[in-house]
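Enquirer: My file is input.tsv. It has TSV, N, CA and C atoms:
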chain	number	residue	atom	x	y	z
A	1	MET	N	19.14	-80.03	-89.50
A	1	MET	CA	20.38	-79.30	-89.50
A	1	MET	C	20.57	-78.62	-90.85
A	2	GLU	N	20.84	-77.34	-90.81
A	2	GLU	CA	21.03	-76.56	-92.03
A	2	GLU	C	22.42	-76.83	-92.60
A	3	THR	N	22.46	-77.03	-93.90
A	3	THR	CA	23.75	-77.19	-94.56
A	3	THR	C	23.83	-76.19	-95.70
A	4	LEU	N	25.02	-76.04	-96.23
A	4	LEU	CA	25.23	-75.15	-97.36
A	4	LEU	C	24.40	-75.60	-98.55
A	5	VAL	N	24.25	-76.90	-98.72
A	5	VAL	CA	23.45	-77.44	-99.82
A	5	VAL	C	21.99	-77.02	-99.67
A	6	HIS	N	21.45	-77.11	-98.46
A	6	HIS	CA	20.07	-76.69	-98.21
A	6	HIS	C	19.90	-75.21	-98.51
A	7	ARG	N	20.84	-74.41	-98.05
A	7	ARG	CA	20.76	-72.97	-98.29
A	7	ARG	C	20.81	-72.65	-99.77
A	8	ASP	N	21.74	-73.29	-100.48
A	8	ASP	CA	21.87	-73.05	-101.92
A	8	ASP	C	20.62	-73.47	-102.68
A	9	ALA	N	20.04	-74.61	-102.29
A	9	ALA	CA	18.84	-75.10	-102.96
A	9	ALA	C	17.68	-74.12	-102.78
A	10	LEU	N	17.49	-73.63	-101.57
A	10	LEU	CA	16.40	-72.69	-101.32
A	10	LEU	C	16.67	-71.33	-101.96
A	11	THR	N	17.92	-70.94	-102.03
A	11	THR	CA	18.27	-69.69	-102.70
A	11	THR	C	17.95	-69.77	-104.18
A	12	ARG	N	18.26	-70.91	-104.81
A	12	ARG	CA	17.93	-71.10	-106.23
A	12	ARG	C	16.42	-71.05	-106.43
A	13	PHE	N	15.68	-71.70	-105.56
A	13	PHE	CA	14.22	-71.70	-105.65
A	13	PHE	C	13.68	-70.29	-105.47
A	14	GLY	N	14.23	-69.57	-104.49
A	14	GLY	CA	13.81	-68.20	-104.26
A	14	GLY	C	14.12	-67.30	-105.44
A	15	CYS	N	15.26	-67.50	-106.07
A	15	CYS	CA	15.61	-66.73	-107.27
A	15	CYS	C	14.59	-66.99	-108.37
A	16	ALA	N	14.22	-68.24	-108.55
A	16	ALA	CA	13.23	-68.59	-109.58
A	16	ALA	C	11.90	-67.91	-109.29
A	17	LEU	N	11.53	-67.83	-108.02
A	17	LEU	CA	10.24	-67.24	-107.65
A	17	LEU	C	10.28	-65.72	-107.55
A	18	SER	N	11.45	-65.12	-107.73
A	18	SER	CA	11.56	-63.67	-107.55
A	18	SER	C	11.08	-62.87	-108.75
A	19	ASP	N	10.73	-63.54	-109.84
A	19	ASP	CA	10.26	-62.84	-111.03
A	19	ASP	C	8.85	-63.31	-111.38
A	20	PRO	N	7.92	-62.39	-111.61
A	20	PRO	CA	6.53	-62.78	-111.91
A	20	PRO	C	6.40	-63.65	-113.17
A	21	THR	N	7.22	-63.41	-114.17
A	21	THR	CA	7.13	-64.23	-115.39
A	21	THR	C	7.58	-65.65	-115.12
A	22	ARG	N	8.65	-65.81	-114.34
A	22	ARG	CA	9.11	-67.17	-114.00
A	22	ARG	C	8.06	-67.88	-113.15
A	23	VAL	N	7.44	-67.16	-112.23
A	23	VAL	CA	6.38	-67.76	-111.42
A	23	VAL	C	5.24	-68.23	-112.32
A	24	ALA	N	4.85	-67.39	-113.27
A	24	ALA	CA	3.75	-67.75	-114.18
A	24	ALA	C	4.12	-68.97	-115.01
A	25	ILE	N	5.36	-69.07	-115.44
A	25	ILE	CA	5.81	-70.25	-116.20
A	25	ILE	C	5.72	-71.49	-115.33
A	26	LEU	N	6.23	-71.42	-114.12
A	26	LEU	CA	6.18	-72.58	-113.22
A	26	LEU	C	4.74	-72.99	-112.93
A	27	LEU	N	3.88	-72.02	-112.68
A	27	LEU	CA	2.48	-72.36	-112.40
A	27	LEU	C	1.81	-72.99	-113.62
A	28	SER	N	2.15	-72.53	-114.79
A	28	SER	CA	1.60	-73.14	-116.01
A	28	SER	C	2.11	-74.56	-116.19
A	29	LEU	N	3.40	-74.76	-115.98
A	29	LEU	CA	3.99	-76.08	-116.19
A	29	LEU	C	3.58	-77.09	-115.12
A	30	ARG	N	3.04	-76.62	-114.02
A	30	ARG	CA	2.64	-77.60	-113.00
A	30	ARG	C	1.44	-78.42	-113.45
A	31	SER	N	0.65	-77.89	-114.38
A	31	SER	CA	-0.52	-78.63	-114.84
A	31	SER	C	-0.27	-79.40	-116.14
A	32	ARG	N	0.72	-78.94	-116.92
A	32	ARG	CA	1.00	-79.62	-118.19
A	32	ARG	C	2.31	-79.10	-118.75
A	33	PRO	N	3.00	-79.92	-119.56
A	33	PRO	CA	4.20	-79.44	-120.25
A	33	PRO	C	3.83	-78.32	-121.22
A	34	GLY	N	4.82	-77.53	-121.61
A	34	GLY	CA	4.55	-76.44	-122.53
A	34	GLY	C	5.70	-76.19	-123.49
A	35	TYR	N	5.39	-75.48	-124.54
A	35	TYR	CA	6.36	-75.09	-125.55
A	35	TYR	C	6.60	-73.60	-125.43
A	36	PRO	N	7.82	-73.12	-125.67
A	36	PRO	CA	8.12	-71.69	-125.48
A	36	PRO	C	7.14	-70.76	-126.19
A	37	SER	N	6.81	-71.03	-127.43
A	37	SER	CA	5.90	-70.13	-128.15
A	37	SER	C	4.51	-70.10	-127.51
A	38	GLU	N	4.03	-71.25	-127.07
A	38	GLU	CA	2.72	-71.31	-126.43
A	38	GLU	C	2.74	-70.60	-125.07
A	39	LEU	N	3.83	-70.80	-124.32
A	39	LEU	CA	3.96	-70.12	-123.03
A	39	LEU	C	4.02	-68.61	-123.22
A	40	ALA	N	4.77	-68.16	-124.25
A	40	ALA	CA	4.86	-66.73	-124.53
A	40	ALA	C	3.48	-66.15	-124.83
A	41	ASP	N	2.71	-66.84	-125.65
A	41	ASP	CA	1.37	-66.37	-125.97
A	41	ASP	C	0.48	-66.35	-124.73
A	42	GLU	N	0.54	-67.43	-123.95
A	42	GLU	CA	-0.28	-67.53	-122.74
A	42	GLU	C	0.03	-66.42	-121.75
A	43	LEU	N	1.32	-66.07	-121.64
A	43	LEU	CA	1.75	-65.08	-120.66
A	43	LEU	C	1.82	-63.67	-121.22
A	44	ALA	N	1.57	-63.53	-122.52
A	44	ALA	CA	1.61	-62.23	-123.20
A	44	ALA	C	2.97	-61.55	-123.05
A	45	VAL	N	4.03	-62.33	-123.25
A	45	VAL	CA	5.40	-61.81	-123.28
A	45	VAL	C	6.06	-62.30	-124.55
A	46	SER	N	7.19	-61.70	-124.90
A	46	SER	CA	7.87	-62.10	-126.13
A	46	SER	C	8.47	-63.50	-125.99
A	47	ARG	N	8.72	-64.12	-127.12
A	47	ARG	CA	9.35	-65.44	-127.10
A	47	ARG	C	10.76	-65.36	-126.54
A	48	GLN	N	11.47	-64.25	-126.81
A	48	GLN	CA	12.82	-64.09	-126.28
A	48	GLN	C	12.81	-64.02	-124.77
A	49	ILE	N	11.87	-63.26	-124.21
A	49	ILE	CA	11.76	-63.16	-122.75
A	49	ILE	C	11.43	-64.54	-122.17
A	50	THR	N	10.51	-65.23	-122.81
A	50	THR	CA	10.14	-66.57	-122.34
A	50	THR	C	11.35	-67.50	-122.37
A	51	SER	N	12.10	-67.47	-123.46
A	51	SER	CA	13.29	-68.33	-123.58
A	51	SER	C	14.32	-68.00	-122.51
A	52	ASN	N	14.51	-66.71	-122.24
A	52	ASN	CA	15.46	-66.31	-121.20
A	52	ASN	C	15.04	-66.84	-119.83
A	53	HIS	N	13.75	-66.74	-119.53
A	53	HIS	CA	13.27	-67.22	-118.23
A	53	HIS	C	13.33	-68.75	-118.15
A	54	LEU	N	13.03	-69.41	-119.25
A	54	LEU	CA	13.15	-70.88	-119.26
A	54	LEU	C	14.60	-71.30	-119.03
A	55	ALA	N	15.55	-70.57	-119.60
A	55	ALA	CA	16.97	-70.87	-119.38
A	55	ALA	C	17.33	-70.70	-117.91
A	56	CYS	N	16.81	-69.66	-117.28
A	56	CYS	CA	17.04	-69.44	-115.86
A	56	CYS	C	16.47	-70.60	-115.04
A	57	LEU	N	15.24	-70.99	-115.36
A	57	LEU	CA	14.60	-72.09	-114.62
A	57	LEU	C	15.32	-73.41	-114.83
A	58	ARG	N	15.86	-73.61	-116.03
A	58	ARG	CA	16.69	-74.81	-116.28
A	58	ARG	C	17.94	-74.74	-115.42
A	59	GLY	N	18.57	-73.56	-115.38
A	59	GLY	CA	19.77	-73.38	-114.58
A	59	GLY	C	19.54	-73.62	-113.10
A	60	CYS	N	18.34	-73.32	-112.65
A	60	CYS	CA	17.96	-73.56	-111.24
A	60	CYS	C	17.60	-75.02	-111.01
A	61	GLY	N	17.49	-75.80	-112.08
A	61	GLY	CA	17.14	-77.21	-111.96
A	61	GLY	C	15.67	-77.48	-111.76
A	62	LEU	N	14.82	-76.48	-112.04
A	62	LEU	CA	13.39	-76.64	-111.81
A	62	LEU	C	12.62	-77.13	-113.02
A	63	VAL	N	13.12	-76.87	-114.22
A	63	VAL	CA	12.48	-77.37	-115.43
A	63	VAL	C	13.51	-78.10	-116.28
A	64	VAL	N	13.01	-78.97	-117.14
A	64	VAL	CA	13.86	-79.68	-118.08
A	64	VAL	C	13.32	-79.45	-119.48
A	65	ALA	N	14.24	-79.46	-120.44
A	65	ALA	CA	13.90	-79.32	-121.85
A	65	ALA	C	13.91	-80.70	-122.48
A	66	VAL	N	12.83	-81.04	-123.17
A	66	VAL	CA	12.71	-82.34	-123.82
A	66	VAL	C	12.61	-82.12	-125.33
A	67	PRO	N	13.67	-82.46	-126.08
A	67	PRO	CA	13.62	-82.26	-127.53
A	67	PRO	C	12.53	-83.13	-128.17
A	68	GLU	N	11.79	-82.52	-129.09
A	68	GLU	CA	10.76	-83.22	-129.86
A	68	GLU	C	10.92	-82.80	-131.31
A	69	GLY	N	11.79	-83.46	-132.03
A	69	GLY	CA	12.06	-83.06	-133.41
A	69	GLY	C	12.68	-81.68	-133.42
A	70	ARG	N	12.03	-80.74	-134.11
A	70	ARG	CA	12.54	-79.37	-134.18
A	70	ARG	C	12.03	-78.49	-133.05
A	71	ARG	N	11.18	-79.02	-132.21
A	71	ARG	CA	10.62	-78.26	-131.09
A	71	ARG	C	11.20	-78.77	-129.78
A	72	THR	N	11.05	-77.97	-128.76
A	72	THR	CA	11.47	-78.36	-127.42
A	72	THR	C	10.31	-78.15	-126.47
A	73	ARG	N	9.99	-79.20	-125.75
A	73	ARG	CA	8.92	-79.15	-124.75
A	73	ARG	C	9.57	-78.94	-123.38
A	74	TYR	N	8.94	-78.13	-122.55
A	74	TYR	CA	9.44	-77.88	-121.20
A	74	TYR	C	8.45	-78.45	-120.20
A	75	GLU	N	9.02	-79.00	-119.14
A	75	GLU	CA	8.20	-79.53	-118.06
A	75	GLU	C	8.96	-79.38	-116.75
A	76	LEU	N	8.23	-79.49	-115.66
A	76	LEU	CA	8.88	-79.43	-114.36
A	76	LEU	C	9.85	-80.59	-114.24
A	77	ALA	N	10.98	-80.35	-113.62
A	77	ALA	CA	12.01	-81.38	-113.49
A	77	ALA	C	11.55	-82.54	-112.62
A	78	ASP	N	10.61	-82.27	-111.74
A	78	ASP	CA	10.10	-83.30	-110.83
A	78	ASP	C	8.68	-82.91	-110.45
A	79	GLU	N	7.78	-83.86	-110.39
A	79	GLU	CA	6.38	-83.55	-110.06
A	79	GLU	C	6.25	-82.95	-108.66
A	80	ARG	N	7.22	-83.20	-107.80
A	80	ARG	CA	7.16	-82.63	-106.44
A	80	ARG	C	7.27	-81.11	-106.45
A	81	ILE	N	7.87	-80.55	-107.51
A	81	ILE	CA	7.95	-79.09	-107.62
A	81	ILE	C	6.55	-78.51	-107.72
A	82	GLY	N	5.69	-79.14	-108.51
A	82	GLY	CA	4.31	-78.68	-108.63
A	82	GLY	C	3.58	-78.75	-107.30
A	83	ARG	N	3.78	-79.83	-106.57
A	83	ARG	CA	3.14	-79.96	-105.26
A	83	ARG	C	3.69	-78.93	-104.28
A	84	ALA	N	5.00	-78.67	-104.36
A	84	ALA	CA	5.60	-77.66	-103.48
A	84	ALA	C	5.03	-76.28	-103.79
A	85	LEU	N	4.83	-75.98	-105.07
A	85	LEU	CA	4.23	-74.69	-105.45
A	85	LEU	C	2.81	-74.59	-104.91
A	86	ASP	N	2.03	-75.66	-105.05
A	86	ASP	CA	0.67	-75.66	-104.52
A	86	ASP	C	0.68	-75.44	-103.01
A	87	ASP	N	1.58	-76.14	-102.31
A	87	ASP	CA	1.67	-75.99	-100.86
A	87	ASP	C	2.09	-74.58	-100.47
A	88	LEU	N	3.06	-74.02	-101.20
A	88	LEU	CA	3.54	-72.68	-100.90
A	88	LEU	C	2.44	-71.63	-101.11
A	89	VAL	N	1.72	-71.73	-102.22
A	89	VAL	CA	0.62	-70.81	-102.48
A	89	VAL	C	-0.44	-70.93	-101.37
A	90	GLY	N	-0.80	-72.15	-101.04
A	90	GLY	CA	-1.79	-72.37	-99.98
A	90	GLY	C	-1.35	-71.80	-98.65
A	91	LEU	N	-0.08	-71.97	-98.32
A	91	LEU	CA	0.45	-71.45	-97.06
A	91	LEU	C	0.42	-69.93	-97.04
A	92	VAL	N	0.89	-69.30	-98.11
A	92	VAL	CA	0.92	-67.84	-98.16
A	92	VAL	C	-0.50	-67.28	-98.07
A	93	LEU	N	-1.43	-67.87	-98.80
A	93	LEU	CA	-2.81	-67.39	-98.76
A	93	LEU	C	-3.46	-67.62	-97.41
A	94	MET	N	-3.08	-68.70	-96.73
A	94	MET	CA	-3.64	-68.99	-95.42
A	94	MET	C	-3.11	-68.00	-94.38
A	95	VAL	N	-1.83	-67.72	-94.44
A	95	VAL	CA	-1.22	-66.84	-93.44
A	95	VAL	C	-1.83	-65.46	-93.52
A	96	ASP	N	-1.80	-64.85	-94.70
A	96	ASP	CA	-2.40	-63.53	-94.88
A	96	ASP	C	-2.17	-63.07	-96.31
A	97	PRO	N	-3.16	-63.20	-97.14
A	97	PRO	CA	-2.97	-62.85	-98.56
A	97	PRO	C	-2.71	-61.37	-98.78
A	98	SER	N	-3.01	-60.53	-97.80
A	98	SER	CA	-2.78	-59.09	-97.98
A	98	SER	C	-1.49	-58.61	-97.32
A	99	CYS	N	-0.71	-59.52	-96.77
A	99	CYS	CA	0.49	-59.10	-96.04
A	99	CYS	C	1.58	-58.59	-96.96
A	100	CYS	N	1.55	-58.95	-98.19
A	100	CYS	CA	2.64	-58.61	-99.09
A	100	CYS	C	2.09	-58.30	-100.48
A	101	PRO	N	1.40	-57.18	-100.64
A	101	PRO	CA	0.83	-56.87	-101.94
A	101	PRO	C	1.91	-56.64	-102.99
A	102	VAL	N	1.64	-57.10	-104.19
A	102	VAL	CA	2.59	-56.92	-105.29
A	102	VAL	C	2.53	-55.46	-105.74
A	103	SER	N	3.69	-54.87	-105.88
A	103	SER	CA	3.77	-53.50	-106.36
A	103	SER	C	4.96	-53.37	-107.28
A	104	ASP	N	5.12	-52.22	-107.88
A	104	ASP	CA	6.27	-51.99	-108.76
A	104	ASP	C	7.58	-52.10	-108.01
A	105	GLU	N	7.58	-51.80	-106.73
A	105	GLU	CA	8.80	-51.87	-105.95
A	105	GLU	C	9.09	-53.28	-105.43
A	106	GLY	N	8.18	-54.22	-105.63
A	106	GLY	CA	8.34	-55.55	-105.08
A	106	GLY	C	7.76	-55.62	-103.69
A	107	CYS	N	7.76	-56.79	-103.11
A	107	CYS	CA	7.12	-56.93	-101.80
A	107	CYS	C	8.11	-56.95	-100.65
A	108	CYS	N	9.34	-57.06	-100.92
A	108	CYS	CA	10.31	-57.20	-99.81
A	108	CYS	C	11.06	-55.92	-99.55
Hey, can you dump this file as structure tokens for me?

Expert:
Amino acid sequence: METLVHRDALTRFGCALSDPTRVAILLSLRSRPGYPSELADELAVSRQITSNHLACLRGCGLVVAVPEGRRTRYELADERIGRALDDLVGLVLMVDPSCCPVSDEGCC
């Protein structure tokens, strides 16, 4: 049975996945925790952009910030998020990897 909570949860997840940089951050964090500066370098985006996307992902409840002295480490809020991402990627690729090519206009 669909509830407002279910809809809101999936909407938040969809919002997180609607940006390629946020997707790249989530995919990176599924294998290991990361630091904003390292993620920025890995993704070839500015630290400010990375911080903004991390704030969005925190707001969606998908990542958590763990203070480590003067640094902050980011990790997935729950290991099931990583498994869900793996399952979602596998499902999309199985259905038809060419059904929704990425373009400047987006896929939807």

Enquirer: What's the separation between atom C of Arg83 in chain A and atom C of Arg30 in chain A, in Å to one decimal place?

Expert: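 Distance reported for this atom pair: 9.5 Å.
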
Enquirer: Find the residues near Val63 in chain A: any atom within 8 Å, counting only C-alpha atoms, skip ones fewer than 2 places away on the same chain, and give them as a list of chain:residue names.

Expert: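 The filter keeps A:Leu54, A:Leu57, A:Arg58, A:Cys60, A:Gly61, A:Ala65, A:Tyr74, A:Glu75, A:Leu76, A:Ala77, A:Asp78.
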
Enquirer: So how far away is atom C of Val89 in chain A from CA of Ala9 in chain A, in Å?

Expert: 19.8 Å

Enquirer: Please run DSSP on the backbone and report, as a PyMOL selection string, all residues within chain A that come out as strand (DSSP E).

Expert: chain A and resi 63-68+71-76

Enquirer: To test the calculation: enclose all listed atoms of range 70-81 of chain A in a box whose edges run along x, y and z, add 8 Å on each side, then state centre and edge lengths in Å to one decimal, as JSON.

Expert:
{"center_x": 9.4, "center_y": -80.9, "center_z": -120.3, "size_x": 22.3, "size_y": 22.0, "size_z": 43.7}

Enquirer: Given the choices A:Arg12, A:Arg71, A:Arg22, A:Arg32, which gets closest to Val45 in chain A if the distance is worked out from only C-alpha atoms?

Expert: A:Arg22
